[in-house]
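**Student:** Just passing along the structure, written as structure tokens.
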Amino acid sequence: MRLVDLHRYTAEAMRVVLPVREAYWLRAPEGEVRVAPSQLKEPPPLRGVELAQRGPQERSLAQGFFAVAYGRPFYDGYIASADLVSVAFEAPVATTQGVAVEAQASSRLLGLEVGATVGGARLGGGVPAVGARLVWRAWPTGLQLGVAAGYDVAPGAWLNGTLHTVSAQVLGGWQGSGQIAPFPEVAGGWMLVMVVRAQQTGGDPLGFGGRVSAGVRWVVGPFALRAAVEAAAGSLLIDRSRKWIWAPGVQVGLEL
């Protein structure tokens with residue numbers, strides 16, 4: 001319910017007697033503010049208008065019963081013809097205990113990704129390696145930092161032996177925003193490679209591995225699907241000399 005309208009010059013002083021209310025809404029052309037009776041002498045600063053009108057139906061409007069059936073142009077025309085204050089549809093703002101907080105939509109809960117990989121074996125041989133990967137990233141979009149742990153296995157990849165690879169890496173990259181967005185990523189760190197055969201077992205526990213990948217992230221409800229192609233490299237001790245081995249691959253993952 002509108003209580004009073006005031007029009008005054010800048011230097012003019014006015015005294016207004018208002019009925020007792022739990023709170024009042026003060027509205028000016030540049031914005032509005034909710035004021036408690038104890039704040040009337042020094043009201044807080046104005047902010048953007050959220051509702052076209054305040055009154056008994058305010059709660060219903062705030063809960064979503066007010067709908068724009070004919071789109072924004074129709075709404076703007078109606079507001080102008082009715083001489084009402086237009087609502088600014090800016091970034092959504094939620095209020096928690098009097099503090100304005102910008103609403104942020106995040107597609108993930110934990111920042112974890114559980115994925116699978118298929119690629120070339122670390123020691124070559126033309127045998128594919130399959131594995132699993134667990135990744136944690138610090139932020140959902142923009143610049144990203146995180147850690148990754150992986151395990152790959154390639155049966156018969158080296159001298160009829162099964163090749164096992166364990167890795168722990170730090171990673172960095174960039175993630176675009178939106179439901180479907182691209183991402184590049186680089187990672188590097190420790191790698192253990194072991195060949196298990198019937199006669200003997202050997203390997204390199206102090207290897208170094210890295211990868212460069214690029215792909216797409218697709219947000220589906222509270223989760224996100226990731227798919228990428230990658231080029232991996234590893235520095236391994238082979239026949240008492242350290243060599244670099246390159247291997248292409250594909251990775252898919254579910255982000256939680």
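Starting from 1 in every chain, residues are counted up; chains themselves are A, B, ... following the order of the structure tokens, and ligands are numbered from 1 as listed.
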Contacts of Thr165 (chain A) at 12 Å or less, counting only C-alpha atoms, minus same-chain residues fewer than 2 places along, as a VMD selection string?
**Tutor:** chain A and resid 120 to 123 129 to 133 149 to 155 157 162 to 163 167 to 168 190 to 196 203 to 209 234 236
**Student:** Can you tell me, as a ChimeraX atom specification, what residues are no more than 12 Å from Pro140 (chain A) when counting only C-alpha atoms, ignoring any on the same chain fewer than 3 positions away?
**Tutor:** /A:104-113,136-137,143-146,173-179,181,183,217,219,223-224,255-256
**Student:** Of the candidates A:Gly215, A:Gly249, A:Pro184, A:Gly156, which one gets nearest to Ala198 (chain A) if we count only C-alpha atoms?
**Tutor:**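 Closest residue, counting only C-alpha atoms: A:Gly156.
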**Student:** Counting only C-alpha atoms, which residue out of A:Ile180, A:Val186, A:Thr201, A:Ala232 sits closest to Val220 (chain A)?
**Tutor:**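 Counting only C-alpha atoms, the residue closest to Val220 (chain A) is A:Ile180.
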**Student:** Give me, as a list of chain:residue names, all polymer residues having an atom no more than 12 Å from Val17 (chain A), counting only C-alpha atoms and skipping those fewer than 3 positions away in the same chain.
**Tutor:**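 Once the nearby chain positions are removed, what remains is A:Leu3, A:Val4, A:Met14, A:Val20, A:Arg21, A:Pro37, A:Leu40.
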**Student:** Report as a PyMOL selection string all protein, DNA and RNA residues lying within 9 Å of region 42-45 of chain A, evaluated on only C-alpha atoms, omitting residues in the same chain fewer than 6 positions from it.
**Tutor:** chain A and resi 26+31-36
**Student:** Skipping near chain neighbours, those fewer than 5 positions away, what residues fall within 7 Å of Gln169 (chain A) using only C-alpha atoms, listed as an NGL selection string?
**Tutor:** :A and (147-149 or 187-190)
**Student:** Any chance you can output those residues with N, CA and C atoms as a JSON list (two decimals), in the first residue's frame?
**Tutor:**
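Saved result, part_35.json, follows:
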[["chain", "number", "residue", "atom", "x", "y", "z"],
["A", 147, "VAL", "N", 44.64, -31.11, -9.46],
["A", 147, "VAL", "CA", 45.51, -32.28, -9.39],
["A", 147, "VAL", "C", 44.78, -33.45, -10.03],
["A", 148, "ALA", "N", 45.57, -34.42, -10.52],
["A", 148, "ALA", "CA", 45.01, -35.59, -11.19],
["A", 148, "ALA", "C", 45.81, -36.82, -10.82],
["A", 149, "ALA", "N", 45.11, -37.94, -10.66],
["A", 149, "ALA", "CA", 45.74, -39.24, -10.42],
["A", 149, "ALA", "C", 45.19, -40.21, -11.45],
["A", 187, "ALA", "N", 49.19, -30.73, -18.07],
["A", 187, "ALA", "CA", 49.44, -31.38, -16.78],
["A", 187, "ALA", "C", 50.81, -32.02, -16.81],
["A", 188, "GLY", "N", 51.41, -32.16, -15.64],
["A", 188, "GLY", "CA", 52.71, -32.81, -15.54],
["A", 188, "GLY", "C", 53.01, -33.24, -14.13],
["A", 189, "GLY", "N", 53.83, -34.30, -13.99],
["A", 189, "GLY", "CA", 54.18, -34.77, -12.66],
["A", 189, "GLY", "C", 54.83, -36.13, -12.67],
["A", 190, "TRP", "N", 54.73, -36.80, -11.52],
["A", 190, "TRP", "CA", 55.40, -38.09, -11.30],
["A", 190, "TRP", "C", 54.69, -39.21, -12.04]]
**Student:** Suppose you want the space between CA of Leu84 (chain A) and CA of Glu30 (chain A); what is it in Å?
**Tutor:** 13.1 Å
**Student:** For a test of reading the model, state the distance in Å between CA of Asn160 (chain A) and CA of Gly202 (chain A), rounded to one decimal.
**Tutor:**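 Taking CA of Asn160 (chain A) and CA of Gly202 (chain A), their separation equals 13.1 Å.
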